[in-house]
file final.txt (compact mmCIF, C-alpha atoms)
# COMPACT_ATOMS: atom_id res chain seq x y z
CA MET N 1 219.25 150.35 105.82
CA THR N 2 218.67 151.62 109.32
CA GLY N 3 216.14 154.01 110.79
CA HIS N 4 213.50 152.05 112.68
CA SER N 5 213.91 152.36 116.45
CA LYS N 6 212.34 148.95 117.18
CA TRP N 7 212.15 145.61 115.40
CA ILE N 8 210.75 145.26 111.90
CA THR N 9 207.51 143.25 111.66
CA TRP N 10 206.66 143.20 107.94
CA LEU N 11 208.09 143.96 104.49
CA CYS N 12 206.36 144.53 101.16
CA TRP N 13 207.74 145.43 97.72
CA GLU N 14 206.20 147.95 95.34
CA PRO N 15 204.21 146.04 92.68
CA LEU N 16 205.96 145.23 89.41
CA HIS N 17 203.30 146.87 87.22
CA LEU N 18 203.77 150.19 89.05
CA ASN N 19 207.56 150.15 88.81
CA PRO N 20 209.34 147.40 86.83
CA GLU N 21 212.65 148.29 88.50
CA CYS N 22 211.26 146.91 91.81
CA ARG N 23 213.43 149.26 93.82
CA HIS N 24 211.00 150.46 96.49
CA LEU N 25 210.25 148.55 99.68
CA ALA N 26 207.86 149.30 102.55
CA SER N 27 208.74 148.21 106.09
CA ALA N 28 206.51 148.10 109.16
CA SER N 29 207.84 148.24 112.69
CA LYS N 30 207.11 147.84 116.36
CA ASP N 31 208.01 151.55 116.59
CA GLY N 32 204.59 152.41 115.06
CA SER N 33 205.89 153.69 111.72
CA ILE N 34 206.04 152.54 108.11
CA ARG N 35 209.12 153.48 106.09
CA ILE N 36 209.45 153.57 102.30
CA TRP N 37 212.96 152.72 101.13
CA ASP N 38 214.82 153.13 97.86
CA THR N 39 216.76 149.86 97.91
CA VAL N 40 219.14 150.96 95.12
CA LEU N 41 220.27 154.06 96.98
CA GLY N 42 219.82 152.40 100.38
CA GLN N 43 217.89 155.44 101.61
CA CYS N 44 214.62 156.01 103.44
CA GLN N 45 212.39 158.18 101.25
CA LYS N 46 209.29 158.55 103.41
CA ILE N 47 208.21 157.87 106.98
CA LEU N 48 204.49 157.24 107.48
CA THR N 49 203.45 157.99 111.05
CA GLY N 50 200.05 157.95 112.71
CA HIS N 51 199.70 154.54 114.31
CA THR N 52 199.95 154.67 118.12
CA GLN N 53 201.12 151.08 118.59
CA SER N 54 203.11 148.40 116.75
CA VAL N 55 202.40 148.02 113.02
CA THR N 56 201.63 144.33 112.41
CA GLY N 57 201.53 144.33 108.61
CA VAL N 58 201.88 146.38 105.44
CA LYS N 59 200.48 145.80 101.93
CA TRP N 60 201.42 147.76 98.81
CA GLY N 61 198.31 147.71 96.66
CA GLY N 62 198.15 147.73 92.89
CA ASP N 63 196.34 151.07 92.63
CA GLY N 64 199.00 153.14 94.37
CA LEU N 65 197.79 152.77 97.96
CA ILE N 66 199.64 151.33 100.95
CA PHE N 67 197.68 149.62 103.74
CA SER N 68 198.98 149.15 107.28
CA SER N 69 197.46 147.18 110.17
CA SER N 70 198.30 147.80 113.80
CA GLN N 71 197.88 146.79 117.41
CA ASP N 72 196.15 150.17 117.85
CA ARG N 73 193.09 148.34 116.34
CA THR N 74 193.10 150.36 113.10
CA ILE N 75 194.08 149.96 109.47
CA LYS N 76 195.46 153.04 107.77
CA VAL N 77 195.34 153.76 104.04
CA TRP N 78 198.24 155.82 102.63
CA ARG N 79 198.95 157.26 99.19
CA ALA N 80 202.26 155.72 98.11
CA GLN N 81 203.23 158.61 95.86
CA ASP N 82 203.49 161.25 98.60
CA GLY N 83 202.84 159.37 101.87
CA VAL N 84 199.59 161.21 102.61
CA LEU N 85 197.14 159.45 104.97
CA CYS N 86 193.91 158.93 103.01
CA ARG N 87 191.70 157.32 105.65
CA THR N 88 191.68 155.25 108.82
CA LEU N 89 189.58 152.07 108.95
CA GLN N 90 188.11 151.51 112.40
CA GLY N 91 185.92 148.71 113.72
CA HIS N 92 188.10 146.07 115.33
CA ALA N 93 187.98 145.86 119.14
CA HIS N 94 191.47 144.37 119.51
CA TRP N 95 194.82 144.07 117.68
CA VAL N 96 194.65 143.68 113.91
CA ASN N 97 196.84 140.63 113.28
CA THR N 98 196.49 139.97 109.60
CA MET N 99 195.14 141.43 106.38
CA ALA N 100 194.88 140.42 102.74
CA LEU N 101 194.17 142.11 99.42
CA SER N 102 191.98 140.60 96.72
CA THR N 103 194.93 141.18 94.36
CA ASP N 104 197.67 139.71 96.60
CA TYR N 105 198.34 136.70 94.41
CA VAL N 106 198.68 138.53 91.11
CA LEU N 107 200.83 141.19 92.80
CA ARG N 108 203.12 138.45 94.10
CA THR N 109 203.51 136.76 90.71
CA GLY N 110 203.73 139.98 88.67
CA ALA N 111 204.37 139.42 84.96
CA PHE N 112 204.92 135.68 85.38
CA GLU N 113 202.15 133.18 84.76
CA PRO N 114 202.44 130.41 87.40
CA ALA N 115 201.06 127.79 84.98
CA GLU N 116 204.08 128.39 82.72
CA ALA N 117 206.62 128.26 85.53
CA SER N 118 209.53 125.85 85.54
CA VAL N 119 211.50 124.26 88.36
CA ASN N 120 214.65 125.56 86.65
CA ALA N 121 215.30 129.27 86.93
CA GLN N 122 214.52 131.02 83.67
CA ASP N 123 216.23 134.14 82.43
CA MET N 124 213.83 137.06 82.36
CA CYS N 125 212.92 137.67 78.75
CA GLY N 126 211.73 141.03 77.51
CA SER N 127 212.45 144.60 78.49
CA LEU N 128 211.33 146.23 81.72
CA LYS N 129 208.60 147.93 79.70
CA ASP N 130 207.36 144.54 78.44
CA LEU N 131 207.40 143.09 81.97
CA LYS N 132 205.49 146.09 83.30
CA GLU N 133 202.87 145.77 80.55
CA LYS N 134 202.39 142.05 81.12
CA ALA N 135 202.14 142.53 84.89
CA LEU N 136 199.56 145.28 84.37
CA GLN N 137 197.47 143.05 82.09
CA ARG N 138 197.49 140.25 84.66
CA TYR N 139 196.65 142.68 87.47
CA ASN N 140 193.73 144.26 85.59
CA HIS N 141 192.32 140.82 84.77
CA VAL N 142 192.17 139.84 88.46
CA ARG N 143 191.15 143.27 89.71
CA GLY N 144 188.18 143.45 87.35
CA GLN N 145 185.92 146.50 87.28
CA GLY N 146 185.84 147.35 90.99
CA PRO N 147 188.65 148.54 93.27
CA GLU N 148 190.77 146.25 95.42
CA ARG N 149 189.08 144.68 98.42
CA LEU N 150 190.84 144.25 101.74
CA VAL N 151 190.02 141.81 104.53
CA SER N 152 191.38 142.11 108.06
CA GLY N 153 191.53 139.62 110.94
CA SER N 154 191.89 140.40 114.61
CA ASP N 155 192.37 139.19 118.18
CA ASP N 156 188.69 140.16 118.64
CA PHE N 157 187.71 136.93 116.75
CA THR N 158 186.22 138.88 113.83
CA LEU N 159 187.10 139.76 110.26
CA PHE N 160 186.11 142.87 108.33
CA LEU N 161 185.80 143.24 104.56
CA TRP N 162 186.62 146.73 103.25
CA ILE N 163 186.79 148.65 99.98
CA PRO N 164 189.49 150.97 101.32
CA ALA N 165 189.90 153.11 98.21
CA GLU N 166 186.27 154.24 98.46
CA ASP N 167 184.95 154.00 102.01
CA LYS N 168 186.15 153.96 105.60
CA LYS N 169 183.10 151.93 106.62
CA PRO N 170 183.36 148.12 106.30
CA LEU N 171 181.41 146.27 103.63
CA GLU N 172 180.82 143.35 106.03
CA ARG N 173 181.61 142.28 109.58
CA MET N 174 182.42 138.55 109.46
CA THR N 175 181.75 136.67 112.69
CA GLY N 176 181.85 133.01 113.65
CA HIS N 177 185.36 132.26 114.83
CA GLN N 178 185.58 131.39 118.52
CA ALA N 179 189.20 132.49 119.00
CA LEU N 180 191.74 134.95 117.58
CA ILE N 181 192.47 134.90 113.85
CA ASN N 182 196.02 134.07 112.76
CA GLU N 183 195.81 134.51 109.01
CA VAL N 184 193.38 135.52 106.29
CA LEU N 185 193.88 135.08 102.52
CA PHE N 186 191.98 135.71 99.32
CA SER N 187 192.08 132.88 96.80
CA PRO N 188 194.20 133.68 93.70
CA ASP N 189 191.01 134.27 91.69
CA ALA N 190 189.73 136.54 94.55
CA ARG N 191 186.39 134.70 94.76
CA ILE N 192 186.85 133.17 98.23
CA ILE N 193 188.39 134.33 101.50
CA ALA N 194 189.89 131.75 103.87
CA SER N 195 190.66 132.47 107.54
CA ALA N 196 192.68 130.40 110.03
CA SER N 197 192.11 130.58 113.76
CA PHE N 198 193.12 129.34 117.19
CA ASP N 199 189.63 127.77 117.33
CA LYS N 200 191.06 124.84 115.24
CA SER N 201 188.99 125.72 112.16
CA ILE N 202 189.40 127.31 108.75
CA LYS N 203 186.41 129.30 107.56
CA LEU N 204 185.51 130.17 103.98
CA TRP N 205 183.75 133.40 103.04
CA ASP N 206 182.49 134.96 99.80
CA GLY N 207 185.27 137.17 98.42
CA LYS N 208 182.91 139.86 97.14
CA THR N 209 180.32 140.09 99.92
CA GLY N 210 182.06 138.58 102.96
CA LYS N 211 179.13 136.21 103.56
CA TYR N 212 179.94 132.98 105.43
CA LEU N 213 180.23 129.87 103.26
CA ALA N 214 181.65 126.95 105.29
CA SER N 215 183.92 125.74 108.08
CA LEU N 216 186.71 123.24 107.44
CA ARG N 217 187.20 121.11 110.53
CA GLY N 218 189.76 118.39 111.10
CA HIS N 219 192.64 119.93 112.99
CA VAL N 220 192.68 119.12 116.70
CA SER N 221 194.60 122.24 117.67
CA ALA N 222 195.21 125.83 116.54
CA VAL N 223 195.59 126.54 112.81
CA TYR N 224 198.54 128.88 112.29
CA GLN N 225 198.88 129.39 108.55
CA ILE N 226 197.10 128.60 105.29
CA SER N 227 198.02 128.81 101.62
CA TRP N 228 196.07 128.52 98.36
CA SER N 229 196.95 126.47 95.30
CA ALA N 230 197.51 128.50 92.14
CA ASP N 231 194.20 127.33 90.62
CA SER N 232 192.17 128.29 93.74
CA ARG N 233 190.80 124.73 94.01
CA MET N 234 192.81 123.57 97.04
CA LEU N 235 193.86 125.02 100.36
CA VAL N 236 196.61 123.76 102.65
CA SER N 237 196.72 124.46 106.41
CA GLY N 238 199.42 124.05 109.04
CA SER N 239 198.57 123.48 112.69
CA SER N 240 199.95 123.10 116.18
CA ASP N 241 198.68 119.49 116.00
CA SER N 242 201.84 118.79 113.86
CA THR N 243 199.92 118.04 110.64
CA LEU N 244 199.24 119.75 107.37
CA LYS N 245 195.88 119.22 105.76
CA VAL N 246 194.90 119.78 102.14
CA TRP N 247 191.27 120.77 101.58
CA ASP N 248 189.13 120.53 98.46
CA VAL N 249 187.41 123.91 98.36
CA LYS N 250 184.55 122.87 96.06
CA SER N 251 183.46 119.86 98.13
CA ARG N 252 184.63 121.59 101.36
CA LYS N 253 186.12 118.31 102.54
CA LEU N 254 189.54 117.10 103.62
CA ALA N 255 191.42 115.86 100.54
CA ILE N 256 194.78 114.77 102.01
CA ASP N 257 196.16 114.51 105.53
CA LEU N 258 199.90 115.17 105.69
CA PRO N 259 201.51 113.95 108.92
CA GLY N 260 205.30 114.00 109.10
CA HIS N 261 206.36 116.90 111.27
CA ALA N 262 207.35 115.99 114.82
CA ASP N 263 205.88 119.12 116.36
CA GLU N 264 203.81 122.24 115.65
CA VAL N 265 203.71 123.54 112.05
CA PHE N 266 204.14 127.30 112.07
CA ALA N 267 204.62 128.13 108.38
CA VAL N 268 203.25 126.83 105.09
CA ASP N 269 203.39 128.09 101.50
CA TRP N 270 202.19 126.69 98.18
CA SER N 271 204.54 127.42 95.27
CA PRO N 272 203.01 129.70 92.60
CA ASP N 273 203.43 126.97 89.94
CA GLY N 274 201.14 124.76 92.06
CA GLN N 275 203.58 121.85 92.19
CA ARG N 276 204.99 121.96 95.71
CA VAL N 277 204.06 122.89 99.28
CA ALA N 278 206.74 123.93 101.76
CA SER N 279 206.24 123.70 105.52
CA GLY N 280 208.30 124.40 108.60
CA GLY N 281 207.82 124.44 112.34
CA LYS N 282 208.96 123.67 115.84
CA ASP N 283 210.85 120.52 114.83
CA LYS N 284 213.34 122.75 112.94
CA CYS N 285 212.70 120.71 109.81
CA LEU N 286 211.69 122.15 106.44
CA ARG N 287 209.57 119.74 104.41
CA ILE N 288 208.70 119.92 100.71
CA TRP N 289 205.55 118.12 99.59
CA ARG N 290 204.97 117.33 95.92
CA ARG N 291 201.51 117.47 94.42
call {"tool": "encode", "arguments": {"input": "final.txt", "output": "structure tokens"}}
result
Amino acid sequence: MTGHSKWITWLCWEPLHLNPECRHLASASKDGSIRIWDTVLGQCQKILTGHTQSVTGVKWGGDGLIFSSSQDRTIKVWRAQDGVLCRTLQGHAHWVNTMALSTDYVLRTGAFEPAEASVNAQDMCGSLKDLKEKALQRYNHVRGQGPERLVSGSDDFTLFLWIPAEDKKPLERMTGHQALINEVLFSPDARIIASASFDKSIKLWDGKTGKYLASLRGHVSAVYQISWSADSRMLVSGSSDSTLKVWDVKSRKLAIDLPGHADEVFAVDWSPDGQRVASGGKDKCLRIWRR
């Protein structure tokens, strides 16, 4: 599927509860556009233009909105159905590097309950209608009464918490990091936001208000990526100091130090069943850690 004139920076699938066929994919590019693709037909259906610089990320929300972040310092909110630009979120003074939705985790896992997951691949049971219904139930449970919340992180050292479906003004400006922000994530239960920064720290924030809660310190160099456990009780971080660290969120203390990589750790992900952490980095080695 070709069409972008520069490299592709981010991909995001349409949520399962909106379309159980999972055939639509959004792509973000250095060319400043977002494209919506029908992956069955292999065709581009819509081109969303408006950003003036590279698009750094795209999220397909559970309420029919698409969110895009850019080096033009804005986040744009689009209606997925027809590609109309709903609003532009402004406030950051530098590139927007990362963003997260309060519903990210349930959108990722869809109709499948991580606690019931198995190491062995299971055949999907039930019709597409059943899968859609189950995914919708799980989504509504996490979403709750209010609309999805979005948090963004930037090279300007700040984060912003937004309710993008309702307002173009931020709910909270979150300050405290002393260097650019690499990644921000809501916990699976959406109660806490975690941010990772070049300032060697991970900061925790209230997921509803954006108020500062705590700093997790222990890394001696930049923190590149973080990932939550399925039960929202633990957080793992990967750093340029070559270690991973597992944090207990309740006590806000280091639970386990995981040395083993020979160089910087660029990527880390906690499996949705909560049993394993995967990490990779500069040493070209992929490591799997069992809980």
call {"tool": "closest_atom_pairs", "arguments": {"input": "final.txt", "of": "segment 176-233 of chain N", "to": "segment 248-266 of chain N", "cutoff": "10 Å", "atoms": "all atoms listed in the file", "output": "JSON lines"}}
result
{"residue": "N:Ile192", "atom": "CA", "partner": "N:Val249", "partner_atom": "CA", "distance": 9.3}
{"residue": "N:Ala194", "atom": "CA", "partner": "N:Val249", "partner_atom": "CA", "distance": 9.9}
{"residue": "N:Leu204", "atom": "CA", "partner": "N:Val249", "partner_atom": "CA", "distance": 8.6}
{"residue": "N:Leu213", "atom": "CA", "partner": "N:Arg252", "partner_atom": "CA", "distance": 9.6}
{"residue": "N:Ala214", "atom": "CA", "partner": "N:Arg252", "partner_atom": "CA", "distance": 7.3}
{"residue": "N:Ser215", "atom": "CA", "partner": "N:Arg252", "partner_atom": "CA", "distance": 7.9}
{"residue": "N:Leu216", "atom": "CA", "partner": "N:Arg252", "partner_atom": "CA", "distance": 6.6}
{"residue": "N:Arg217", "atom": "CA", "partner": "N:Leu254", "partner_atom": "CA", "distance": 8.3}
{"residue": "N:Gly218", "atom": "CA", "partner": "N:Leu254", "partner_atom": "CA", "distance": 7.6}
{"residue": "N:His219", "atom": "CA", "partner": "N:Asp257", "partner_atom": "CA", "distance": 9.9}
{"residue": "N:Ser221", "atom": "CA", "partner": "N:Glu264", "partner_atom": "CA", "distance": 9.4}
{"residue": "N:Ala222", "atom": "CA", "partner": "N:Glu264", "partner_atom": "CA", "distance": 9.4}
{"residue": "N:Val223", "atom": "CA", "partner": "N:Phe266", "partner_atom": "CA", "distance": 8.6}
{"residue": "N:Tyr224", "atom": "CA", "partner": "N:Phe266", "partner_atom": "CA", "distance": 5.8}
{"residue": "N:Gln225", "atom": "CA", "partner": "N:Phe266", "partner_atom": "CA", "distance": 6.7}
{"residue": "N:Ile226", "atom": "CA", "partner": "N:Phe266", "partner_atom": "CA", "distance": 9.9}
{"residue": "N:Trp228", "atom": "CA", "partner": "N:Val249", "partner_atom": "CA", "distance": 9.8}
{"residue": "N:Ser232", "atom": "CA", "partner": "N:Val249", "partner_atom": "CA", "distance": 7.9}
{"residue": "N:Arg233", "atom": "CA", "partner": "N:Val249", "partner_atom": "CA", "distance": 5.6}
call {"tool": "atom_distance", "arguments": {"input": "final.txt", "atom1": "atom CA of Pro15 of chain N", "atom2": "atom CA of Ser229 of chain N"}}
result
21.0 Å
call {"tool": "closest_atom_pairs", "arguments": {"input": "final.txt", "of": "segment 29-48 of chain N", "to": "segment 52-55 of chain N", "cutoff": "9 Å", "atoms": "only C-alpha atoms", "output": "Markdown table"}}
result
| residue | atom | partner | partner_atom | distance |
| --- | --- | --- | --- | --- |
| N:Ser29 | CA | N:Val55 | CA | 5.5 |
| N:Lys30 | CA | N:Ser54 | CA | 4.1 |
| N:Asp31 | CA | N:Ser54 | CA | 5.8 |
| N:Gly32 | CA | N:Ser54 | CA | 4.6 |
| N:Ser33 | CA | N:Val55 | CA | 6.8 |
| N:Ile34 | CA | N:Val55 | CA | 7.6 |
call {"tool": "write_last_selection", "arguments": {"input": "final.txt", "atoms": "C-alpha atoms", "output": "compact mmCIF listing (two decimals), in the coordinates of the input"}}
result
# COMPACT_ATOMS: atom_id res chain seq x y z
CA SER N 29 207.84 148.24 112.69
CA LYS N 30 207.11 147.84 116.36
CA ASP N 31 208.01 151.55 116.59
CA GLY N 32 204.59 152.41 115.06
CA SER N 33 205.89 153.69 111.72
CA ILE N 34 206.04 152.54 108.11
call {"tool": "axis_aligned_box", "arguments": {"input": "final.txt", "around": "segment 191-198 of chain N", "padding_each_side": "6 Å", "output": "lines of an AutoDock Vina configuration file"}}
result
center_x = 189.8
center_y = 132.0
center_z = 106.0
size_x = 18.7
size_y = 17.4
size_z = 34.4
call {"tool": "atom_distance", "arguments": {"input": "final.txt", "atom1": "atom CA of Gln81 of chain N", "atom2": "atom CA of His141 of chain N"}}
result
23.6 Å
call {"tool": "build_atoms", "arguments": {"input": "final.txt", "residues": "segment 164-177 of chain N", "atoms": "N, CA and C atoms", "output": "PDB file, keeping the file's coordinate frame"}}
result
ATOM      1  N   PRO N 164     188.790 149.839 100.685  1.00  0.00           N
ATOM      2  CA  PRO N 164     189.490 150.970 101.320  1.00  0.00           C
ATOM      3  C   PRO N 164     189.723 152.176 100.422  1.00  0.00           C
ATOM      4  N   ALA N 165     189.702 151.973  99.111  1.00  0.00           N
ATOM      5  CA  ALA N 165     189.900 153.110  98.210  1.00  0.00           C
ATOM      6  C   ALA N 165     188.677 154.016  98.179  1.00  0.00           C
ATOM      7  N   GLU N 166     187.533 153.496  98.599  1.00  0.00           N
ATOM      8  CA  GLU N 166     186.270 154.240  98.460  1.00  0.00           C
ATOM      9  C   GLU N 166     185.605 154.614  99.772  1.00  0.00           C
ATOM     10  N   ASP N 167     185.767 153.792 100.807  1.00  0.00           N
ATOM     11  CA  ASP N 167     184.950 154.000 102.010  1.00  0.00           C
ATOM     12  C   ASP N 167     185.704 153.575 103.260  1.00  0.00           C
ATOM     13  N   LYS N 168     185.523 154.341 104.330  1.00  0.00           N
ATOM     14  CA  LYS N 168     186.150 153.960 105.600  1.00  0.00           C
ATOM     15  C   LYS N 168     185.241 153.050 106.422  1.00  0.00           C
ATOM     16  N   LYS N 169     184.009 152.852 105.947  1.00  0.00           N
ATOM     17  CA  LYS N 169     183.100 151.930 106.620  1.00  0.00           C
ATOM     18  C   LYS N 169     183.257 150.530 106.018  1.00  0.00           C
ATOM     19  N   PRO N 170     183.184 149.480 106.842  1.00  0.00           N
ATOM     20  CA  PRO N 170     183.360 148.120 106.300  1.00  0.00           C
ATOM     21  C   PRO N 170     182.164 147.686 105.450  1.00  0.00           C
ATOM     22  N   LEU N 171     182.463 146.857 104.463  1.00  0.00           N
ATOM     23  CA  LEU N 171     181.410 146.270 103.630  1.00  0.00           C
ATOM     24  C   LEU N 171     180.672 145.186 104.419  1.00  0.00           C
ATOM     25  N   GLU N 172     181.425 144.448 105.261  1.00  0.00           N
ATOM     26  CA  GLU N 172     180.820 143.350 106.030  1.00  0.00           C
ATOM     27  C   GLU N 172     181.650 143.065 107.279  1.00  0.00           C
ATOM     28  N   ARG N 173     180.962 142.787 108.366  1.00  0.00           N
ATOM     29  CA  ARG N 173     181.610 142.280 109.580  1.00  0.00           C
ATOM     30  C   ARG N 173     181.389 140.778 109.599  1.00  0.00           C
ATOM     31  N   MET N 174     182.479 140.016 109.632  1.00  0.00           N
ATOM     32  CA  MET N 174     182.420 138.550 109.460  1.00  0.00           C
ATOM     33  C   MET N 174     182.679 137.874 110.801  1.00  0.00           C
ATOM     34  N   THR N 175     181.640 137.285 111.367  1.00  0.00           N
ATOM     35  CA  THR N 175     181.750 136.670 112.690  1.00  0.00           C
ATOM     36  C   THR N 175     181.524 135.166 112.607  1.00  0.00           C
ATOM     37  N   GLY N 176     182.027 134.457 113.605  1.00  0.00           N
ATOM     38  CA  GLY N 176     181.850 133.010 113.650  1.00  0.00           C
ATOM     39  C   GLY N 176     183.013 132.301 114.316  1.00  0.00           C
ATOM     40  N   HIS N 177     184.211 132.866 114.156  1.00  0.00           N
ATOM     41  CA  HIS N 177     185.360 132.260 114.830  1.00  0.00           C
ATOM     42  C   HIS N 177     185.227 132.420 116.346  1.00  0.00           C
TER      43      HIS N 177
END
